[in-house]
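Pasted below: final_36.pdb, PDB, C-alpha atoms.
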ATOM      1  CA  MET A   1     -25.111  -0.964  16.940
ATOM      2  CA  THR A   2     -21.693  -1.569  18.434
ATOM      3  CA  ALA A   3     -21.108  -5.003  19.924
ATOM      4  CA  LEU A   4     -19.123  -5.446  23.133
ATOM      5  CA  LEU A   5     -17.252  -8.511  24.387
ATOM      6  CA  LEU A   6     -16.830  -7.892  28.112
ATOM      7  CA  ASP A   7     -17.001 -10.946  30.338
ATOM      8  CA  PRO A   8     -15.717 -11.765  33.850
ATOM      9  CA  ILE A   9     -14.044 -14.922  32.547
ATOM     10  CA  TYR A  10     -11.212 -12.744  31.225
ATOM     11  CA  GLN A  11     -10.405 -11.787  34.808
ATOM     12  CA  GLN A  12      -9.489 -15.409  35.573
ATOM     13  CA  HIS A  13      -6.098 -15.204  33.842
ATOM     14  CA  ASP A  14      -3.858 -14.007  36.679
ATOM     15  CA  PRO A  15      -0.158 -13.474  35.891
ATOM     16  CA  GLY A  16       0.578 -12.899  39.579
ATOM     17  CA  PRO A  17       1.261 -10.054  42.023
ATOM     18  CA  GLY A  18       2.947  -7.001  40.576
ATOM     19  CA  HIS A  19       2.606  -8.106  36.960
ATOM     20  CA  PRO A  20       1.669  -5.173  34.670
ATOM     21  CA  GLU A  21      -0.838  -7.245  32.651
ATOM     22  CA  SER A  22      -2.997  -7.657  35.742
ATOM     23  CA  VAL A  23      -6.599  -8.587  36.382
ATOM     24  CA  LYS A  24      -7.072  -4.982  37.519
ATOM     25  CA  ARG A  25      -6.923  -3.882  33.884
ATOM     26  CA  LEU A  26     -10.187  -5.569  33.011
ATOM     27  CA  VAL A  27     -11.816  -4.690  36.326
ATOM     28  CA  ALA A  28     -11.157  -1.006  35.624
ATOM     29  CA  ILE A  29     -12.384  -1.250  32.028
ATOM     30  CA  THR A  30     -15.574  -2.995  33.144
ATOM     31  CA  GLN A  31     -16.243  -0.377  35.796
ATOM     32  CA  ALA A  32     -15.601   2.530  33.425
ATOM     33  CA  LEU A  33     -17.773   1.170  30.610
ATOM     34  CA  THR A  34     -20.555   0.396  33.074
ATOM     35  CA  ASP A  35     -20.425   3.749  34.883
ATOM     36  CA  SER A  36     -20.418   5.646  31.585
ATOM     37  CA  GLY A  37     -23.592   3.892  30.440
ATOM     38  CA  ILE A  38     -21.808   2.434  27.420
ATOM     39  CA  VAL A  39     -22.531  -1.180  28.362
ATOM     40  CA  GLY A  40     -26.259  -0.510  28.161
ATOM     41  CA  LYS A  41     -25.909   0.975  24.683
ATOM     42  CA  THR A  42     -24.059  -1.975  23.162
ATOM     43  CA  GLN A  43     -24.966  -5.456  22.022
ATOM     44  CA  SER A  44     -23.406  -8.113  24.229
ATOM     45  CA  ILE A  45     -21.091 -10.679  22.650
ATOM     46  CA  ALA A  46     -20.647 -13.961  24.508
ATOM     47  CA  PRO A  47     -17.324 -15.726  24.920
ATOM     48  CA  ARG A  48     -16.888 -19.285  23.706
ATOM     49  CA  VAL A  49     -14.167 -21.891  23.521
ATOM     50  CA  ALA A  50     -12.186 -21.712  20.286
ATOM     51  CA  THR A  51     -11.716 -25.104  18.676
ATOM     52  CA  LEU A  52      -8.332 -26.672  18.068
ATOM     53  CA  ASP A  53      -8.863 -26.192  14.337
ATOM     54  CA  GLU A  54      -9.537 -22.487  14.896
ATOM     55  CA  LEU A  55      -6.373 -22.049  16.964
ATOM     56  CA  ALA A  56      -4.490 -23.923  14.242
ATOM     57  CA  LEU A  57      -5.498 -21.320  11.672
ATOM     58  CA  CYS A  58      -2.431 -19.421  12.900
ATOM     59  CA  HIS A  59      -0.587 -21.658  15.362
ATOM     60  CA  ASP A  60       1.339 -24.906  15.059
ATOM     61  CA  ARG A  61      -0.542 -27.754  16.703
ATOM     62  CA  GLY A  62       2.628 -28.703  18.545
ATOM     63  CA  TYR A  63       2.774 -25.264  20.131
ATOM     64  CA  ILE A  64      -0.910 -25.408  21.108
ATOM     65  CA  ALA A  65      -0.240 -28.712  22.879
ATOM     66  CA  THR A  66       2.833 -27.236  24.567
ATOM     67  CA  ALA A  67       0.895 -24.220  25.865
ATOM     68  CA  LYS A  68      -1.808 -26.504  27.264
ATOM     69  CA  LYS A  69       0.761 -28.781  28.877
ATOM     70  CA  ASP A  70       2.673 -25.845  30.387
ATOM     71  CA  VAL A  71      -0.497 -24.584  32.071
ATOM     72  CA  GLU A  72      -1.624 -28.013  33.236
ATOM     73  CA  SER A  73       1.858 -28.721  34.613
ATOM     74  CA  GLY A  74       1.600 -25.732  36.928
ATOM     75  CA  LEU A  75       4.410 -23.706  35.377
ATOM     76  CA  ASP A  76       4.600 -20.005  36.231
ATOM     77  CA  ASN A  77       5.588 -19.061  32.666
ATOM     78  CA  LEU A  78       5.198 -20.526  29.212
ATOM     79  CA  SER A  79       8.205 -22.618  28.252
ATOM     80  CA  THR A  80       8.366 -20.724  24.939
ATOM     81  CA  GLY A  81       8.767 -17.217  26.257
ATOM     82  CA  ASP A  82       8.012 -14.426  28.704
ATOM     83  CA  THR A  83       4.316 -15.044  29.353
ATOM     84  CA  ALA A  84       3.214 -15.566  32.964
ATOM     85  CA  ILE A  85       0.480 -18.173  33.376
ATOM     86  CA  CYS A  86      -1.791 -19.618  36.054
ATOM     87  CA  ALA A  87      -4.029 -22.677  36.288
ATOM     88  CA  ARG A  88      -6.789 -20.987  34.266
ATOM     89  CA  SER A  89      -4.671 -19.330  31.593
ATOM     90  CA  TYR A  90      -5.196 -21.834  28.771
ATOM     91  CA  ASP A  91      -8.957 -21.987  29.315
ATOM     92  CA  VAL A  92      -9.231 -18.201  29.407
ATOM     93  CA  ALA A  93      -7.011 -17.773  26.338
ATOM     94  CA  VAL A  94      -9.145 -20.095  24.201
ATOM     95  CA  GLN A  95     -12.249 -18.230  25.405
ATOM     96  CA  ALA A  96     -10.603 -14.962  24.360
ATOM     97  CA  VAL A  97     -10.059 -16.313  20.852
ATOM     98  CA  GLY A  98     -13.567 -17.740  20.653
ATOM     99  CA  GLY A  99     -15.165 -14.522  21.861
ATOM    100  CA  VAL A 100     -13.279 -12.500  19.268
ATOM    101  CA  LEU A 101     -14.483 -14.905  16.564
ATOM    102  CA  ASN A 102     -18.054 -14.384  17.787
ATOM    103  CA  ALA A 103     -17.512 -10.637  17.335
ATOM    104  CA  VAL A 104     -16.294 -11.172  13.774
ATOM    105  CA  ASP A 105     -19.371 -13.316  13.101
ATOM    106  CA  ALA A 106     -21.617 -10.556  14.449
ATOM    107  CA  VAL A 107     -20.282  -7.871  12.125
ATOM    108  CA  PHE A 108     -20.426 -10.133   9.070
ATOM    109  CA  ALA A 109     -23.988 -11.163   9.948
ATOM    110  CA  GLY A 110     -24.972  -7.501  10.129
ATOM    111  CA  LYS A 111     -25.936  -7.823  13.796
ATOM    112  CA  ALA A 112     -23.437  -5.077  14.629
ATOM    113  CA  LYS A 113     -21.620  -2.466  12.587
ATOM    114  CA  ASN A 114     -18.481  -2.794  14.697
ATOM    115  CA  ALA A 115     -17.268  -4.382  17.921
ATOM    116  CA  PHE A 116     -14.835  -3.963  20.785
ATOM    117  CA  CYS A 117     -13.396  -7.041  22.483
ATOM    118  CA  ALA A 118     -12.068  -6.476  26.016
ATOM    119  CA  VAL A 119     -10.138  -9.727  26.214
ATOM    120  CA  ARG A 120      -7.184 -11.026  28.171
ATOM    121  CA  PRO A 121      -4.588 -12.381  27.712
ATOM    122  CA  PRO A 122      -3.509 -10.147  24.821
ATOM    123  CA  GLY A 123      -2.288 -11.692  21.586
ATOM    124  CA  HIS A 124      -0.222  -9.687  19.126
ATOM    125  CA  HIS A 125       3.192 -11.003  20.229
ATOM    126  CA  ALA A 126       2.166 -14.657  19.854
ATOM    127  CA  ARG A 127       3.997 -16.221  16.918
ATOM    128  CA  PRO A 128       2.973 -19.429  15.106
ATOM    129  CA  ALA A 129       5.011 -21.637  17.448
ATOM    130  CA  GLN A 130       5.808 -19.294  20.340
ATOM    131  CA  GLY A 131       3.845 -17.501  23.015
ATOM    132  CA  MET A 132       5.700 -14.448  24.330
ATOM    133  CA  GLY A 133       5.206 -10.898  25.571
ATOM    134  CA  PHE A 134       2.232 -11.707  27.852
ATOM    135  CA  CYS A 135       0.496 -13.503  24.920
ATOM    136  CA  LEU A 136      -0.582 -17.140  24.441
ATOM    137  CA  PHE A 137      -2.581 -17.078  21.199
ATOM    138  CA  ASN A 138      -2.777 -14.378  18.558
ATOM    139  CA  ASN A 139      -6.411 -13.291  18.884
ATOM    140  CA  ILE A 140      -6.376 -10.806  16.021
ATOM    141  CA  ALA A 141      -4.521 -13.011  13.552
ATOM    142  CA  ILE A 142      -6.936 -15.877  14.129
ATOM    143  CA  ALA A 143      -9.808 -13.400  13.678
ATOM    144  CA  ALA A 144      -8.437 -12.425  10.265
ATOM    145  CA  ARG A 145      -8.113 -16.042   9.131
ATOM    146  CA  HIS A 146     -11.582 -16.821  10.480
ATOM    147  CA  ALA A 147     -13.062 -13.941   8.473
ATOM    148  CA  GLN A 148     -11.429 -15.327   5.357
ATOM    149  CA  GLN A 149     -12.329 -18.963   5.957
ATOM    150  CA  LYS A 150     -15.878 -18.629   7.279
ATOM    151  CA  HIS A 151     -17.091 -15.380   5.718
ATOM    152  CA  GLY A 152     -15.217 -15.300   2.442
ATOM    153  CA  ALA A 153     -13.298 -12.115   3.173
ATOM    154  CA  GLN A 154     -10.723 -11.753   0.429
ATOM    155  CA  LYS A 155      -8.647  -9.100   2.178
ATOM    156  CA  VAL A 156      -8.288  -8.077   5.827
ATOM    157  CA  ALA A 157      -6.468  -5.000   7.137
ATOM    158  CA  ILE A 158      -4.959  -5.063  10.623
ATOM    159  CA  VAL A 159      -3.978  -1.776  12.280
ATOM    160  CA  ASP A 160      -1.855  -2.090  15.424
ATOM    161  CA  TRP A 161      -1.422   1.084  17.494
ATOM    162  CA  ASP A 162       0.015  -0.628  20.585
ATOM    163  CA  VAL A 163       3.253   0.949  21.829
ATOM    164  CA  HIS A 164       4.973  -2.395  21.154
ATOM    165  CA  HIS A 165       5.356  -3.846  17.677
ATOM    166  CA  GLY A 166       3.013  -6.747  16.955
ATOM    167  CA  ASN A 167       5.777  -9.122  15.889
ATOM    168  CA  GLY A 168       3.601 -12.220  16.092
ATOM    169  CA  THR A 169       0.951 -10.790  13.792
ATOM    170  CA  GLN A 170       3.642  -9.645  11.374
ATOM    171  CA  ASP A 171       5.283 -13.079  11.342
ATOM    172  CA  ILE A 172       2.003 -14.870  10.620
ATOM    173  CA  PHE A 173       1.191 -12.737   7.573
ATOM    174  CA  TYR A 174       4.646 -11.686   6.358
ATOM    175  CA  GLU A 175       4.428 -13.712   3.128
ATOM    176  CA  ASP A 176       0.666 -13.271   2.655
ATOM    177  CA  ASP A 177      -0.775 -10.667   0.277
ATOM    178  CA  SER A 178      -4.338 -11.147   1.566
ATOM    179  CA  VAL A 179      -3.673  -9.421   4.909
ATOM    180  CA  LEU A 180      -2.359  -5.864   5.241
ATOM    181  CA  PHE A 181      -0.532  -5.372   8.545
ATOM    182  CA  CYS A 182       0.108  -1.764   9.600
ATOM    183  CA  SER A 183       1.821  -0.864  12.866
ATOM    184  CA  THR A 184       2.664   2.370  14.648
ATOM    185  CA  HIS A 185       4.931   1.707  17.629
ATOM    186  CA  GLN A 186       7.795   3.005  19.721
ATOM    187  CA  SER A 187      11.273   2.017  18.594
ATOM    188  CA  PRO A 188      13.591   0.852  20.004
ATOM    189  CA  LEU A 189      11.376  -1.093  22.415
ATOM    190  CA  TYR A 190      10.413  -4.703  23.075
ATOM    191  CA  PRO A 191      10.288  -6.932  21.019
ATOM    192  CA  PHE A 192      12.836  -4.917  18.987
ATOM    193  CA  THR A 193      11.200  -5.677  15.636
ATOM    194  CA  GLY A 194       9.086  -3.558  13.307
ATOM    195  CA  HIS A 195      11.721  -1.608  11.438
ATOM    196  CA  ALA A 196      10.569   0.436   8.462
ATOM    197  CA  HIS A 197      12.440  -1.837   6.064
ATOM    198  CA  GLU A 198      10.313  -4.828   7.154
ATOM    199  CA  THR A 199       7.694  -4.713   4.395
ATOM    200  CA  GLY A 200       6.882  -8.383   3.771
ATOM    201  CA  SER A 201       8.428 -11.012   1.547
ATOM    202  CA  GLY A 202       7.455 -13.225  -1.373
ATOM    203  CA  LYS A 203       3.913 -12.561  -2.499
ATOM    204  CA  GLY A 204       3.446 -10.588   0.730
ATOM    205  CA  LYS A 205       6.010  -7.979  -0.257
ATOM    206  CA  GLY A 206       4.450  -4.561   0.327
ATOM    207  CA  THR A 207       1.627  -5.706   2.613
ATOM    208  CA  THR A 208       3.496  -4.984   5.848
ATOM    209  CA  LEU A 209       3.773  -1.317   6.818
ATOM    210  CA  ASN A 210       5.845  -0.462   9.880
ATOM    211  CA  LEU A 211       5.851   3.101  11.183
ATOM    212  CA  PRO A 212       8.274   3.215  14.133
ATOM    213  CA  PHE A 213       8.602   6.325  16.311
ATOM    214  CA  PRO A 214      11.045   7.412  18.997
ATOM    215  CA  ALA A 215      10.033   7.809  22.621
ATOM    216  CA  ARG A 216       7.927  10.883  23.476
ATOM    217  CA  THR A 217       6.307  11.036  20.037
ATOM    218  CA  GLY A 218       2.754  12.370  20.084
ATOM    219  CA  MET A 219      -0.245  12.797  17.834
ATOM    220  CA  SER A 220       1.335  15.288  15.451
ATOM    221  CA  ALA A 221       3.697  12.663  14.037
ATOM    222  CA  ILE A 222       1.539   9.570  14.600
ATOM    223  CA  GLY A 223      -1.596  11.213  13.226
ATOM    224  CA  GLY A 224       0.413  12.428  10.265
ATOM    225  CA  ALA A 225       1.604   8.882   9.604
ATOM    226  CA  PHE A 226      -2.006   7.693   9.653
ATOM    227  CA  THR A 227      -3.150  10.266   7.115
ATOM    228  CA  ASP A 228      -0.042  10.212   4.896
ATOM    229  CA  ARG A 229       0.910   6.529   4.923
ATOM    230  CA  LEU A 230      -1.458   4.184   6.725
ATOM    231  CA  LEU A 231      -4.836   5.305   5.399
ATOM    232  CA  PRO A 232      -3.617   5.512   1.773
ATOM    233  CA  ALA A 233      -2.309   1.948   2.165
ATOM    234  CA  ILE A 234      -5.748   0.810   3.319
ATOM    235  CA  ASP A 235      -7.390   2.720   0.449
ATOM    236  CA  ALA A 236      -5.166   0.947  -2.068
ATOM    237  CA  PHE A 237      -5.701  -2.446  -0.403
ATOM    238  CA  LYS A 238      -9.527  -2.192  -0.222
ATOM    239  CA  PRO A 239     -10.142  -4.595   2.684
ATOM    240  CA  ASP A 240     -13.338  -6.509   3.442
ATOM    241  CA  LEU A 241     -12.730  -6.098   7.190
ATOM    242  CA  ILE A 242     -10.632  -3.812   9.383
ATOM    243  CA  LEU A 243      -9.231  -5.143  12.654
ATOM    244  CA  ILE A 244      -7.563  -2.983  15.314
ATOM    245  CA  SER A 245      -4.939  -4.240  17.746
ATOM    246  CA  ALA A 246      -6.030  -1.673  20.293
ATOM    247  CA  GLY A 247      -3.134  -1.309  22.679
ATOM    248  CA  PHE A 248      -3.489   1.705  24.933
ATOM    249  CA  ASP A 249       0.079   1.586  26.235
ATOM    250  CA  SER A 250       0.792   4.167  23.544
ATOM    251  CA  ARG A 251      -1.133   6.580  25.758
ATOM    252  CA  ILE A 252       0.738   9.231  27.722
ATOM    253  CA  ASP A 253       1.984   8.153  31.173
ATOM    254  CA  ASP A 254       1.969   4.417  30.504
ATOM    255  CA  PRO A 255       4.613   2.663  32.642
ATOM    256  CA  LEU A 256       5.822   0.418  29.790
ATOM    257  CA  GLY A 257       5.965   2.963  26.967
ATOM    258  CA  GLN A 258       6.885   6.555  26.273
ATOM    259  CA  LEU A 259       4.582   7.622  23.448
ATOM    260  CA  ARG A 260       2.257  10.517  24.229
ATOM    261  CA  LEU A 261      -1.168   9.864  22.742
ATOM    262  CA  THR A 262      -4.170  11.204  24.680
ATOM    263  CA  ASP A 263      -7.766  10.055  24.963
ATOM    264  CA  ASP A 264      -8.756  12.638  22.364
ATOM    265  CA  ASP A 265      -6.063  11.313  20.045
ATOM    266  CA  PHE A 266      -7.514   7.805  20.271
ATOM    267  CA  VAL A 267     -10.903   9.293  19.419
ATOM    268  CA  ALA A 268      -9.401  10.892  16.313
ATOM    269  CA  LEU A 269      -7.602   7.710  15.212
ATOM    270  CA  THR A 270     -10.756   5.666  15.779
ATOM    271  CA  LYS A 271     -12.762   8.062  13.620
ATOM    272  CA  LEU A 272     -10.229   7.750  10.804
ATOM    273  CA  LEU A 273     -10.481   3.962  10.820
ATOM    274  CA  LEU A 274     -14.274   4.065  11.043
ATOM    275  CA  GLU A 275     -14.273   6.224   7.920
ATOM    276  CA  SER A 276     -12.066   3.690   6.157
ATOM    277  CA  ALA A 277     -14.353   0.853   7.212
ATOM    278  CA  ASN A 278     -17.352   2.785   5.953
ATOM    279  CA  SER A 279     -15.633   3.389   2.607
ATOM    280  CA  HIS A 280     -14.318  -0.103   1.972
ATOM    281  CA  CYS A 281     -16.080  -2.797   3.991
ATOM    282  CA  GLN A 282     -19.642  -1.793   4.862
ATOM    283  CA  SER A 283     -18.448  -0.416   8.233
ATOM    284  CA  ARG A 284     -17.139  -3.827   9.374
ATOM    285  CA  LEU A 285     -14.534  -3.151  12.073
ATOM    286  CA  VAL A 286     -13.517  -5.182  15.114
ATOM    287  CA  SER A 287     -11.225  -3.717  17.775
ATOM    288  CA  ILE A 288      -9.384  -6.064  20.125
ATOM    289  CA  LEU A 289      -7.680  -5.049  23.366
ATOM    290  CA  GLU A 290      -3.928  -5.469  23.577
ATOM    291  CA  GLY A 291      -1.734  -3.505  26.030
ATOM    292  CA  GLY A 292      -2.275  -0.569  28.371
ATOM    293  CA  TYR A 293      -0.829  -0.673  31.877
ATOM    294  CA  ASN A 294      -1.711   2.633  33.508
ATOM    295  CA  ILE A 295      -4.942   1.290  34.962
ATOM    296  CA  GLN A 296      -6.959   4.487  35.111
ATOM    297  CA  GLY A 297      -5.494   5.758  31.842
ATOM    298  CA  LEU A 298      -6.426   2.498  30.178
ATOM    299  CA  ALA A 299      -9.997   2.664  31.438
ATOM    300  CA  SER A 300     -10.362   6.249  30.240
ATOM    301  CA  ALA A 301      -8.885   5.572  26.798
ATOM    302  CA  VAL A 302     -11.054   2.483  26.269
ATOM    303  CA  THR A 303     -14.149   4.450  27.265
ATOM    304  CA  HIS A 304     -13.358   7.160  24.713
ATOM    305  CA  HIS A 305     -12.584   4.539  22.048
ATOM    306  CA  VAL A 306     -15.798   2.572  22.512
ATOM    307  CA  GLN A 307     -17.904   5.737  22.725
ATOM    308  CA  THR A 308     -16.459   6.708  19.356
ATOM    309  CA  LEU A 309     -17.330   3.297  17.909
ATOM    310  CA  LEU A 310     -20.884   3.881  19.072
ATOM    311  CA  GLY A 311     -20.966   7.143  17.124
TER     312      GLY A 311
END

Now, as a test, write the supplied structure out as structure tokens.
Amino acid sequence: MTALLLDPIYQQHDPGPGHPESVKRLVAITQALTDSGIVGKTQSIAPRVATLDELALCHDRGYIATAKKDVESGLDNLSTGDTAICARSYDVAVQAVGGVLNAVDAVFAGKAKNAFCAVRPPGHHARPAQGMGFCLFNNIAIAARHAQQKHGAQKVAIVDWDVHHGNGTQDIFYEDDSVLFCSTHQSPLYPFTGHAHETGSGKGKGTTLNLPFPARTGMSAIGGAFTDRLLPAIDAFKPDLILISAGFDSRIDDPLGQLRLTDDDFVALTKLLLESANSHCQSRLVSILEGGYNIQGLASAVTHHVQTLLG
């Protein structure tokens, strides 16, 4: 069965009127997954508070304290970067991390074959000592470390199909050969990282794969990159877990990106990664929401993605 992390607490992070990463995103996802009957077909995952030690798997303790202080001080934005916050943002962010870790636990315990985590705030821009790009804590990076520390995963593959490069995730694992980070993204575009020559350093050399594309690129090129470059990299790496940074701002008509993937394209990409998970890691796959700012487009793409996870 597919597990689903979908909780109203993630609607309590409110970046403010007119902000693209709005509460409406999760409201629309919840409505679409409920109306489609998908919620009733999935196993519910509960949120929980991530511990300080869990956050510190990927973040400097000084930064964690700064993020908490910024929120408690009533700031409108993190002092470290362009992330709007409200009075509940820290509490919601640590519940996002904790919920994602519960999803990882579920797939390793065999309670679910895969999972989708509809969490906010997103995470893939959060660096070890800097929240930025709408992100406080790097949900997916902490999930990878948790899988290694608690479940003995030797290798974890992260696939990021958000329209924006996951610079925070890359930074965390850039010198680490135990995590394969693969990203398809629009370039040039915020955060202006993720060039093809960025392949890792030290013992991590070769375990970062960036596949940047110009605006208006569609499935022909992106799907080709999956089959020709990304999937062979996963095959060679042989991960114990596959994680997806599932940003749906790479979908056509997103206001913050100009890639042209469709709902059917996300179905196809999901199937490819499910096949990889089946081949290498006993079907263990956890997908974590990142971007997607066309509200109805986001809800539709997520519905197609989770239906595909269900099989």

Which distance in Å separates CA of Ala93 (chain A) and CA of Thr193 (chain A), to one decimal? 24.3 Å

Which polymer residues have any atom within 9 Å of an atom of Ala126 (chain A), counting all atoms listed in the file, with same-chain residues fewer than 4 positions away left out, as a compact mmCIF listing (two decimals) with C-alpha atoms, keeping the file's coordinate frame?
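Result saved to around.txt:
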# COMPACT_ATOMS: atom_id res chain seq x y z
CA HIS A 59 -0.59 -21.66 15.36
CA PRO A 122 -3.51 -10.15 24.82
CA GLN A 130 5.81 -19.29 20.34
CA GLY A 131 3.84 -17.50 23.02
CA MET A 132 5.70 -14.45 24.33
CA GLY A 133 5.21 -10.90 25.57
CA PHE A 134 2.23 -11.71 27.85
CA CYS A 135 0.50 -13.50 24.92
CA LEU A 136 -0.58 -17.14 24.44
CA PHE A 137 -2.58 -17.08 21.20
CA ASN A 138 -2.78 -14.38 18.56
CA ASN A 139 -6.41 -13.29 18.88
CA GLY A 166 3.01 -6.75 16.95
CA ASN A 167 5.78 -9.12 15.89
CA GLY A 168 3.60 -12.22 16.09
CA THR A 169 0.95 -10.79 13.79

List the neighbours of Gly218 (chain A) out to 7 Å using all atoms listed in the file; skip same-chain residues closer than 2 positions along the sequence, and give me the result as a list of chain:residue names. A:Arg216, A:Ser220, A:Ala221, A:Ile222, A:Leu259, A:Arg260, A:Leu261

For the structure shown, which residues end up in the PyMOL selection byres ((chain A and resi 266) around 10)? Put them as a list in words, please? Trp161, Met219, Gly223, Ala246, Phe248, Ser250, Arg251, Leu261, Thr262, Asp263, Asp264, Asp265, Val267, Ala268, Leu269, Thr270, Lys271, Leu272, Ala301, Val302, His304, His305 and Thr308 of chain A

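Distance-wise, CA of Lys203 (chain A) and CA of Glu54 (chain A) end up 24.1 Å apart.
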
Go through the shown structure with the PyMOL selection byres ((chain A and resi 2) around 10) and write out the matching residues as a ChimeraX atom specification. /A:1,3-4,38-39,41-44,106-107,111-116,285-286,306-311

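You will find CA of Val92 (chain A) at 27.1 Å from CA of His185 (chain A).
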
Applied to the shown file, which residues does the PyMOL selection byres ((chain A and resi 179) around 12) return, written as a JSON list (two decimals) with C-alpha atoms, in the coordinates of the input?
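New file selection.json:
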[["chain", "number", "residue", "atom", "x", "y", "z"],
["A", 140, "ILE", "CA", -6.38, -10.81, 16.02],
["A", 141, "ALA", "CA", -4.52, -13.01, 13.55],
["A", 142, "ILE", "CA", -6.94, -15.88, 14.13],
["A", 143, "ALA", "CA", -9.81, -13.40, 13.68],
["A", 144, "ALA", "CA", -8.44, -12.42, 10.26],
["A", 145, "ARG", "CA", -8.11, -16.04, 9.13],
["A", 147, "ALA", "CA", -13.06, -13.94, 8.47],
["A", 148, "GLN", "CA", -11.43, -15.33, 5.36],
["A", 153, "ALA", "CA", -13.30, -12.12, 3.17],
["A", 154, "GLN", "CA", -10.72, -11.75, 0.43],
["A", 155, "LYS", "CA", -8.65, -9.10, 2.18],
["A", 156, "VAL", "CA", -8.29, -8.08, 5.83],
["A", 157, "ALA", "CA", -6.47, -5.00, 7.14],
["A", 158, "ILE", "CA", -4.96, -5.06, 10.62],
["A", 159, "VAL", "CA", -3.98, -1.78, 12.28],
["A", 169, "THR", "CA", 0.95, -10.79, 13.79],
["A", 170, "GLN", "CA", 3.64, -9.64, 11.37],
["A", 171, "ASP", "CA", 5.28, -13.08, 11.34],
["A", 172, "ILE", "CA", 2.00, -14.87, 10.62],
["A", 173, "PHE", "CA", 1.19, -12.74, 7.57],
["A", 174, "TYR", "CA", 4.65, -11.69, 6.36],
["A", 175, "GLU", "CA", 4.43, -13.71, 3.13],
["A", 176, "ASP", "CA", 0.67, -13.27, 2.66],
["A", 177, "ASP", "CA", -0.78, -10.67, 0.28],
["A", 178, "SER", "CA", -4.34, -11.15, 1.57],
["A", 180, "LEU", "CA", -2.36, -5.86, 5.24],
["A", 181, "PHE", "CA", -0.53, -5.37, 8.54],
["A", 182, "CYS", "CA", 0.11, -1.76, 9.60],
["A", 200, "GLY", "CA", 6.88, -8.38, 3.77],
["A", 203, "LYS", "CA", 3.91, -12.56, -2.50],
["A", 204, "GLY", "CA", 3.45, -10.59, 0.73],
["A", 205, "LYS", "CA", 6.01, -7.98, -0.26],
["A", 206, "GLY", "CA", 4.45, -4.56, 0.33],
["A", 207, "THR", "CA", 1.63, -5.71, 2.61],
["A", 208, "THR", "CA", 3.50, -4.98, 5.85],
["A", 209, "LEU", "CA", 3.77, -1.32, 6.82],
["A", 233, "ALA", "CA", -2.31, 1.95, 2.16],
["A", 234, "ILE", "CA", -5.75, 0.81, 3.32],
["A", 237, "PHE", "CA", -5.70, -2.45, -0.40],
["A", 238, "LYS", "CA", -9.53, -2.19, -0.22],
["A", 239, "PRO", "CA", -10.14, -4.60, 2.68],
["A", 240, "ASP", "CA", -13.34, -6.51, 3.44],
["A", 241, "LEU", "CA", -12.73, -6.10, 7.19],
["A", 242, "ILE", "CA", -10.63, -3.81, 9.38],
["A", 243, "LEU", "CA", -9.23, -5.14, 12.65]]

For Cys86 (chain A), please output as a count of residues only all residues within 8 Å (counting all atoms listed in the file; exclusion window: fewer than 2 positions along the same chain). 11

Find the residues near Pro20 (chain A): any atom within 10 Å, counting all atoms listed in the file, skip ones fewer than 6 places away on the same chain, and give them as a PyMOL selection string. chain A and resi 134+255-256+291-295

Could you give me, as a ChimeraX atom specification, the residues that sit within 12 Å of (-12.8, -2.2, 32.0) in the file's coordinates, counting only C-alpha atoms? /A:4-8,10-11,22-36,38-39,116-120,289,292,295-304,306

Given the selection you just returned, output its residues as a file containing C-alpha atoms, formatted as a CSV table (one decimal), in the coordinates of the input.
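Full text of result.csv as output:
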chain,number,residue,atom,x,y,z
A,4,LEU,CA,-19.1,-5.4,23.1
A,5,LEU,CA,-17.3,-8.5,24.4
A,6,LEU,CA,-16.8,-7.9,28.1
A,7,ASP,CA,-17.0,-10.9,30.3
A,8,PRO,CA,-15.7,-11.8,33.8
A,10,TYR,CA,-11.2,-12.7,31.2
A,11,GLN,CA,-10.4,-11.8,34.8
A,22,SER,CA,-3.0,-7.7,35.7
A,23,VAL,CA,-6.6,-8.6,36.4
A,24,LYS,CA,-7.1,-5.0,37.5
A,25,ARG,CA,-6.9,-3.9,33.9
A,26,LEU,CA,-10.2,-5.6,33.0
A,27,VAL,CA,-11.8,-4.7,36.3
A,28,ALA,CA,-11.2,-1.0,35.6
A,29,ILE,CA,-12.4,-1.2,32.0
A,30,THR,CA,-15.6,-3.0,33.1
A,31,GLN,CA,-16.2,-0.4,35.8
A,32,ALA,CA,-15.6,2.5,33.4
A,33,LEU,CA,-17.8,1.2,30.6
A,34,THR,CA,-20.6,0.4,33.1
A,35,ASP,CA,-20.4,3.7,34.9
A,36,SER,CA,-20.4,5.6,31.6
A,38,ILE,CA,-21.8,2.4,27.4
A,39,VAL,CA,-22.5,-1.2,28.4
A,116,PHE,CA,-14.8,-4.0,20.8
A,117,CYS,CA,-13.4,-7.0,22.5
A,118,ALA,CA,-12.1,-6.5,26.0
A,119,VAL,CA,-10.1,-9.7,26.2
A,120,ARG,CA,-7.2,-11.0,28.2
A,289,LEU,CA,-7.7,-5.0,23.4
A,292,GLY,CA,-2.3,-0.6,28.4
A,295,ILE,CA,-4.9,1.3,35.0
A,296,GLN,CA,-7.0,4.5,35.1
A,297,GLY,CA,-5.5,5.8,31.8
A,298,LEU,CA,-6.4,2.5,30.2
A,299,ALA,CA,-10.0,2.7,31.4
A,300,SER,CA,-10.4,6.2,30.2
A,301,ALA,CA,-8.9,5.6,26.8
A,302,VAL,CA,-11.1,2.5,26.3
A,303,THR,CA,-14.1,4.4,27.3
A,304,HIS,CA,-13.4,7.2,24.7
A,306,VAL,CA,-15.8,2.6,22.5

Contacts of Tyr190 (chain A) at 9 Å (all atoms listed in the file; same-chain gap of 2+ positions) as a list in words: Gly133, His164, His165, Gln186, Ser187, Pro188, Phe192 and Thr193 of chain A
